[in-house]
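Down below is the structure, laid out as structure tokens.
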Number of protein chains: 2
Amino acid sequence: MTYGNVLQALADPTRRAIFERLRRGELAVCDLAEGLPVSRPAVSQHLSVLRKAGLVNERRDGVRRLYRLERRGLQALRVYVESFWDDVLESFKSEAEAQHQKTKERGDDSIRSQE
Amino acid sequence: MTYGNVLQALADPTRRAIFERLRRGELAVCDLAEGLPVSRPAVSQHLSVLRKAGLVNERRDGVRRLYRLERRGLQALRVYVESFWDDVLESFKSEAEAQHQKTKERGDDSIRSQE
DNA sequence: GGCATCCGTAAGCATAGACTTACGTAAGTG
DNA sequence: CACTTACGTAAGTCTATGCTTACGGATGCC
């Protein structure tokens with residue numbers, strides 16, 4: 001269960017649709033299936049992938065199985081993205097400073113010309 | 001350029017390796033290729049996908065092309081994940097309260113038995 | 001001009017994976 | 001016990017896509 005699995009799980013549009021549908025609360029497989037353009041077994045297979053990625057949880061209720069969101073997967077992705085985001089901001093910061101330095105040396109201010 | 005494209009772009013392990021290599025700063029295609037288990041054209045194709053997802057930027061330097069991280073793609077993913085994260089926390093919060101309520105009604109405290 | 005380097009793209013191939021239908025199983029209902 | 005409902009899984013098909021080799025264009029150097 002790493003962010004790699006999470007990214008791969010959320011890469012598929014159908015799987016994202018399922019995932020986002022669970023945002024409002026737990027749902028059974030048959031309820032998830034209707035409204036989606038794929039068959040119920042397809043939904044089951046997608047749920048299996050989401051579960052292995054730590055994005056989804058299972059709960060039995062009689063003959064039905066209620067699926068709901070799980071924190072672990074999303075948390076793993078969150079940590080990955082945030083740490084990356086810090087690095088990106090930092091690199092842009094130092095880059096901007098270097099650019100500013102160059103500009104001062106040349107004595108012009110046409111940085112925005114390439115935007 | 002949506003978070004869907006970003007997720008799909010980062011789902012591939014090779015593409016993630018390229019992306020993470022650019023964390024330390026800009027690199028040319030040939031520099032990116034060595035150390036990776038794929039050919040240089042493959043790297044070019046991956047870079048094309050990353051660029052279309054808004055994750056990567058291009059800059060020419062003589063005969064070389066230097067690639068560096070771009071904020072747009074990662075920012076789109078960040079917004080998506082964070083908004084989702086808020087919802088997940090909220091749903092867990094209300095769920096915990098409901099569970100607590102039930103516990104009080106039954107007069108026991110064995111919530112943790114299923115962990 | 002002639003040559004080398006760096007790169008993107010086209011074409012073809014092979015595997016991953018998303019989907020379907022068919023089937024077996026578990027739980028509820030009469 | 002029959003019957004229904006809800007679900008997972010197996011098997012097979014077909015498309016998407018990641019990879020390779022081959023090629024052509026752009027830039028720099030002599």
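Letters A, B, ... mark the chains of the structure tokens in the order given; residue numbers begin at 1 per chain; ligand numbers begin at 1, in order shown.
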
Any chance you could fit chain B onto chain A with least squares, all Cα atoms in order, and share the moved copy as a PDB file with C-alpha atoms, in the first residue's frame?
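Result file superposed-v4.pdb:
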ATOM      1  CA  MET B   1       0.019  -0.042  -0.052  1.00  0.00           C
ATOM      2  CA  THR B   2       2.123   2.878  -1.281  1.00  0.00           C
ATOM      3  CA  TYR B   3       1.385   6.097  -3.113  1.00  0.00           C
ATOM      4  CA  GLY B   4       2.296   4.254  -6.290  1.00  0.00           C
ATOM      5  CA  ASN B   5      -0.678   1.963  -5.891  1.00  0.00           C
ATOM      6  CA  VAL B   6      -2.873   4.920  -5.032  1.00  0.00           C
ATOM      7  CA  LEU B   7      -1.845   6.828  -8.147  1.00  0.00           C
ATOM      8  CA  GLN B   8      -2.395   3.807 -10.331  1.00  0.00           C
ATOM      9  CA  ALA B   9      -5.793   3.148  -8.745  1.00  0.00           C
ATOM     10  CA  LEU B  10      -6.995   6.724  -9.224  1.00  0.00           C
ATOM     11  CA  ALA B  11      -5.658   6.950 -12.764  1.00  0.00           C
ATOM     12  CA  ASP B  12      -8.662   5.117 -14.195  1.00  0.00           C
ATOM     13  CA  PRO B  13     -11.704   7.370 -14.785  1.00  0.00           C
ATOM     14  CA  THR B  14     -14.267   4.720 -13.839  1.00  0.00           C
ATOM     15  CA  ARG B  15     -12.430   4.025 -10.625  1.00  0.00           C
ATOM     16  CA  ARG B  16     -12.315   7.729  -9.846  1.00  0.00           C
ATOM     17  CA  ALA B  17     -16.062   7.946 -10.454  1.00  0.00           C
ATOM     18  CA  ILE B  18     -16.620   5.156  -7.947  1.00  0.00           C
ATOM     19  CA  PHE B  19     -14.256   6.733  -5.485  1.00  0.00           C
ATOM     20  CA  GLU B  20     -15.903  10.136  -5.743  1.00  0.00           C
ATOM     21  CA  ARG B  21     -19.348   8.624  -5.364  1.00  0.00           C
ATOM     22  CA  LEU B  22     -18.332   7.326  -1.972  1.00  0.00           C
ATOM     23  CA  ARG B  23     -17.574  10.857  -0.901  1.00  0.00           C
ATOM     24  CA  ARG B  24     -21.117  11.285   0.408  1.00  0.00           C
ATOM     25  CA  GLY B  25     -21.107   8.089   2.391  1.00  0.00           C
ATOM     26  CA  GLU B  26     -21.051   4.308   2.166  1.00  0.00           C
ATOM     27  CA  LEU B  27     -22.758   2.505  -0.697  1.00  0.00           C
ATOM     28  CA  ALA B  28     -23.490  -1.073  -1.727  1.00  0.00           C
ATOM     29  CA  VAL B  29     -21.999  -2.506  -4.916  1.00  0.00           C
ATOM     30  CA  CYS B  30     -25.312  -2.674  -6.745  1.00  0.00           C
ATOM     31  CA  ASP B  31     -26.040   0.954  -5.837  1.00  0.00           C
ATOM     32  CA  LEU B  32     -22.625   1.959  -7.124  1.00  0.00           C
ATOM     33  CA  ALA B  33     -23.130   0.017 -10.342  1.00  0.00           C
ATOM     34  CA  GLU B  34     -26.297   1.762 -11.445  1.00  0.00           C
ATOM     35  CA  GLY B  35     -25.508   5.128 -12.953  1.00  0.00           C
ATOM     36  CA  LEU B  36     -22.126   3.886 -14.113  1.00  0.00           C
ATOM     37  CA  PRO B  37     -21.625   2.783 -17.735  1.00  0.00           C
ATOM     38  CA  VAL B  38     -20.111  -0.564 -16.712  1.00  0.00           C
ATOM     39  CA  SER B  39     -21.446  -3.837 -15.365  1.00  0.00           C
ATOM     40  CA  ARG B  40     -21.642  -4.793 -11.702  1.00  0.00           C
ATOM     41  CA  PRO B  41     -18.735  -7.278 -11.860  1.00  0.00           C
ATOM     42  CA  ALA B  42     -16.595  -4.525 -13.329  1.00  0.00           C
ATOM     43  CA  VAL B  43     -17.430  -2.386 -10.320  1.00  0.00           C
ATOM     44  CA  SER B  44     -16.462  -5.266  -8.041  1.00  0.00           C
ATOM     45  CA  GLN B  45     -13.091  -5.537  -9.735  1.00  0.00           C
ATOM     46  CA  HIS B  46     -12.516  -1.798  -9.447  1.00  0.00           C
ATOM     47  CA  LEU B  47     -13.428  -1.911  -5.775  1.00  0.00           C
ATOM     48  CA  SER B  48     -10.862  -4.643  -5.288  1.00  0.00           C
ATOM     49  CA  VAL B  49      -8.168  -2.391  -6.746  1.00  0.00           C
ATOM     50  CA  LEU B  50      -9.284   0.535  -4.605  1.00  0.00           C
ATOM     51  CA  ARG B  51      -9.254  -1.658  -1.521  1.00  0.00           C
ATOM     52  CA  LYS B  52      -5.731  -2.897  -2.171  1.00  0.00           C
ATOM     53  CA  ALA B  53      -4.643   0.718  -2.553  1.00  0.00           C
ATOM     54  CA  GLY B  54      -6.042   1.543   0.878  1.00  0.00           C
ATOM     55  CA  LEU B  55      -8.590   3.932  -0.559  1.00  0.00           C
ATOM     56  CA  VAL B  56     -11.703   1.987   0.334  1.00  0.00           C
ATOM     57  CA  ASN B  57     -13.127  -0.115   3.123  1.00  0.00           C
ATOM     58  CA  GLU B  58     -15.624  -2.951   3.302  1.00  0.00           C
ATOM     59  CA  ARG B  59     -18.472  -3.642   5.717  1.00  0.00           C
ATOM     60  CA  ARG B  60     -21.031  -6.400   5.568  1.00  0.00           C
ATOM     61  CA  ASP B  61     -24.707  -5.689   6.084  1.00  0.00           C
ATOM     62  CA  GLY B  62     -26.791  -8.800   5.554  1.00  0.00           C
ATOM     63  CA  VAL B  63     -26.481  -9.861   1.951  1.00  0.00           C
ATOM     64  CA  ARG B  64     -25.006  -6.536   0.899  1.00  0.00           C
ATOM     65  CA  ARG B  65     -21.498  -5.158   1.204  1.00  0.00           C
ATOM     66  CA  LEU B  66     -21.169  -1.507   2.005  1.00  0.00           C
ATOM     67  CA  TYR B  67     -18.056   0.275   0.812  1.00  0.00           C
ATOM     68  CA  ARG B  68     -16.765   3.502   2.281  1.00  0.00           C
ATOM     69  CA  LEU B  69     -13.701   5.686   2.012  1.00  0.00           C
ATOM     70  CA  GLU B  70     -10.583   4.791   3.930  1.00  0.00           C
ATOM     71  CA  ARG B  71      -7.980   7.288   5.035  1.00  0.00           C
ATOM     72  CA  ARG B  72      -4.745   5.360   4.552  1.00  0.00           C
ATOM     73  CA  GLY B  73      -4.472   5.550   0.776  1.00  0.00           C
ATOM     74  CA  LEU B  74      -5.406   9.177   0.429  1.00  0.00           C
ATOM     75  CA  GLN B  75      -3.118  10.061   3.298  1.00  0.00           C
ATOM     76  CA  ALA B  76      -0.181   8.352   1.567  1.00  0.00           C
ATOM     77  CA  LEU B  77      -0.855  10.319  -1.608  1.00  0.00           C
ATOM     78  CA  ARG B  78      -1.265  13.506   0.378  1.00  0.00           C
ATOM     79  CA  VAL B  79       2.123  13.149   2.036  1.00  0.00           C
ATOM     80  CA  TYR B  80       3.766  12.443  -1.321  1.00  0.00           C
ATOM     81  CA  VAL B  81       2.210  15.423  -3.066  1.00  0.00           C
ATOM     82  CA  GLU B  82       2.859  17.829  -0.221  1.00  0.00           C
ATOM     83  CA  SER B  83       6.524  16.931   0.126  1.00  0.00           C
ATOM     84  CA  PHE B  84       6.925  17.320  -3.603  1.00  0.00           C
ATOM     85  CA  TRP B  85       5.105  20.609  -3.518  1.00  0.00           C
ATOM     86  CA  ASP B  86       7.527  21.967  -0.946  1.00  0.00           C
ATOM     87  CA  ASP B  87      10.450  21.046  -3.182  1.00  0.00           C
ATOM     88  CA  VAL B  88       8.859  22.647  -6.207  1.00  0.00           C
ATOM     89  CA  LEU B  89       8.196  25.884  -4.373  1.00  0.00           C
ATOM     90  CA  GLU B  90      11.749  25.919  -3.076  1.00  0.00           C
ATOM     91  CA  SER B  91      13.257  25.335  -6.514  1.00  0.00           C
ATOM     92  CA  PHE B  92      11.113  28.075  -7.995  1.00  0.00           C
ATOM     93  CA  LYS B  93      12.145  30.392  -5.239  1.00  0.00           C
ATOM     94  CA  SER B  94      15.887  29.940  -5.784  1.00  0.00           C
ATOM     95  CA  GLU B  95      15.365  30.075  -9.531  1.00  0.00           C
ATOM     96  CA  ALA B  96      13.509  33.368  -9.236  1.00  0.00           C
ATOM     97  CA  GLU B  97      16.323  34.765  -7.141  1.00  0.00           C
ATOM     98  CA  ALA B  98      18.909  33.712  -9.693  1.00  0.00           C
ATOM     99  CA  GLN B  99      16.829  35.271 -12.435  1.00  0.00           C
ATOM    100  CA  HIS B 100      16.493  38.443 -10.437  1.00  0.00           C
ATOM    101  CA  GLN B 101      20.238  38.521  -9.951  1.00  0.00           C
ATOM    102  CA  LYS B 102      20.837  38.158 -13.669  1.00  0.00           C
ATOM    103  CA  THR B 103      18.319  40.878 -14.377  1.00  0.00           C
ATOM    104  CA  LYS B 104      20.076  43.251 -12.067  1.00  0.00           C
ATOM    105  CA  GLU B 105      23.414  42.504 -13.702  1.00  0.00           C
ATOM    106  CA  ARG B 106      22.039  43.160 -17.163  1.00  0.00           C
ATOM    107  CA  GLY B 107      20.088  46.158 -16.035  1.00  0.00           C
ATOM    108  CA  ASP B 108      16.777  45.243 -17.675  1.00  0.00           C
ATOM    109  CA  ASP B 109      13.412  43.997 -16.405  1.00  0.00           C
ATOM    110  CA  SER B 110      11.960  42.002 -19.292  1.00  0.00           C
ATOM    111  CA  ILE B 111      11.524  38.713 -17.439  1.00  0.00           C
ATOM    112  CA  ARG B 112       7.851  38.495 -18.296  1.00  0.00           C
ATOM    113  CA  SER B 113       8.421  38.653 -22.034  1.00  0.00           C
ATOM    114  CA  GLN B 114       8.153  34.870 -22.445  1.00  0.00           C
ATOM    115  CA  GLU B 115       4.863  34.426 -20.649  1.00  0.00           C
TER     116      GLU B 115
END

Mind listing the helix (DSSP H, G or I) residues of segment 1-100 of chain A, per DSSP on the backbone, as number ranges by chain?
-> A: 3-11, 13-24, 29-33, 40-52, 71-100

Please identify every residue of chain D that has at least one atom no more than 9 Å from any atom of chain B, counting only C-alpha atoms (C1' of nucleotides), and report them as a list in words.
-> DG18, DC19, DT20, DA26, DT27 and DG28 of chain D

Identify, on the basis of only C-alpha atoms (C1' of nucleotides), every residue whose closest approach to DC23 of chain D does not exceed 10 Å; exclude the query and any residue fewer than 2 positions from it along the same chain; express the result as a PyMOL selection string.
-> (chain C and resi 9-10) or (chain D and resi 21+25)

Residues from the last selection, C-alpha atoms (C1' of nucleotides), saved as a PDB file, in the first residue's frame:
ATOM      1  C1'  DT C   9       8.372  11.230 -34.089  1.00  0.00           C
ATOM      2  C1'  DA C  10       6.713   7.218 -36.843  1.00  0.00           C
TER       3       DA C  10
ATOM      4  C1'  DT D  21      14.333   0.385 -33.732  1.00  0.00           C
ATOM      5  C1'  DG D  25      15.436  17.731 -38.218  1.00  0.00           C
TER       6       DG D  25
END

For the interface of chain C with chain B (cut-off 10 Å, counting only C-alpha atoms (C1' of nucleotides)), please tabulate each contacting residue of chain C alongside its nearest pair of atoms and their separation in Å to one decimal, rows sorted by chain and increasing number, as JSON lines.
{"residue": "C:DT5", "atom": "C1'", "partner": "B:Val63", "partner_atom": "CA", "distance": 7.5}
{"residue": "C:DC6", "atom": "C1'", "partner": "B:Arg64", "partner_atom": "CA", "distance": 5.6}
{"residue": "C:DC7", "atom": "C1'", "partner": "B:Arg64", "partner_atom": "CA", "distance": 7.4}
{"residue": "C:DG8", "atom": "C1'", "partner": "B:Ser44", "partner_atom": "CA", "distance": 7.2}
{"residue": "C:DT9", "atom": "C1'", "partner": "B:Pro41", "partner_atom": "CA", "distance": 9.1}

Where in segment 17-110 of chain A does DSSP assign strand (DSSP E or B), given as a list of chain:residue names?
->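 Everything in segment 17-110 of chain A that counts as strand (DSSP E or B) is A:Leu27, A:Ala28, A:Val56, A:Asn57, A:Glu58, A:Arg59, A:Arg60, A:Asp61, A:Arg64, A:Arg65, A:Leu66, A:Tyr67, A:Arg68, A:Leu69.
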
Emit the selected residues as a tab-separated table (two decimals), in the first residue's frame, including C-alpha atoms.
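again23.tsv written:
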chain	number	residue	atom	x	y	z
A	27	LEU	CA	-22.78	2.48	-0.69
A	28	ALA	CA	-23.48	-1.10	-1.76
A	56	VAL	CA	-11.72	1.96	0.36
A	57	ASN	CA	-13.15	-0.15	3.14
A	58	GLU	CA	-15.65	-2.99	3.30
A	59	ARG	CA	-18.48	-3.69	5.70
A	60	ARG	CA	-21.05	-6.47	5.55
A	61	ASP	CA	-24.71	-5.79	6.02
A	64	ARG	CA	-25.00	-6.60	0.84
A	65	ARG	CA	-21.49	-5.21	1.17
A	66	LEU	CA	-21.19	-1.55	1.99
A	67	TYR	CA	-18.07	0.24	0.80
A	68	ARG	CA	-16.78	3.46	2.27
A	69	LEU	CA	-13.72	5.66	2.04

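Interatomic distance, atom C1' of DT20 of chain C to atom C1' of DT4 of chain D: 23.6 Å.
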
Please indicate the distance in Å from atom C1' of DC7 of chain D to atom C1' of DC19 of chain C, rounded to one decimal place.
->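 Spanning atom C1' of DC7 of chain D to atom C1' of DC19 of chain C is a straight-line distance of 17.6 Å.
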
Pick out the residues sitting within 12 Å of DA10 of chain D, and hand them over as a ChimeraX atom specification; count only C-alpha atoms (C1' of nucleotides), and ignore anything fewer than 4 positions along from it in its own chain.
-> /A:41 /C:21-24
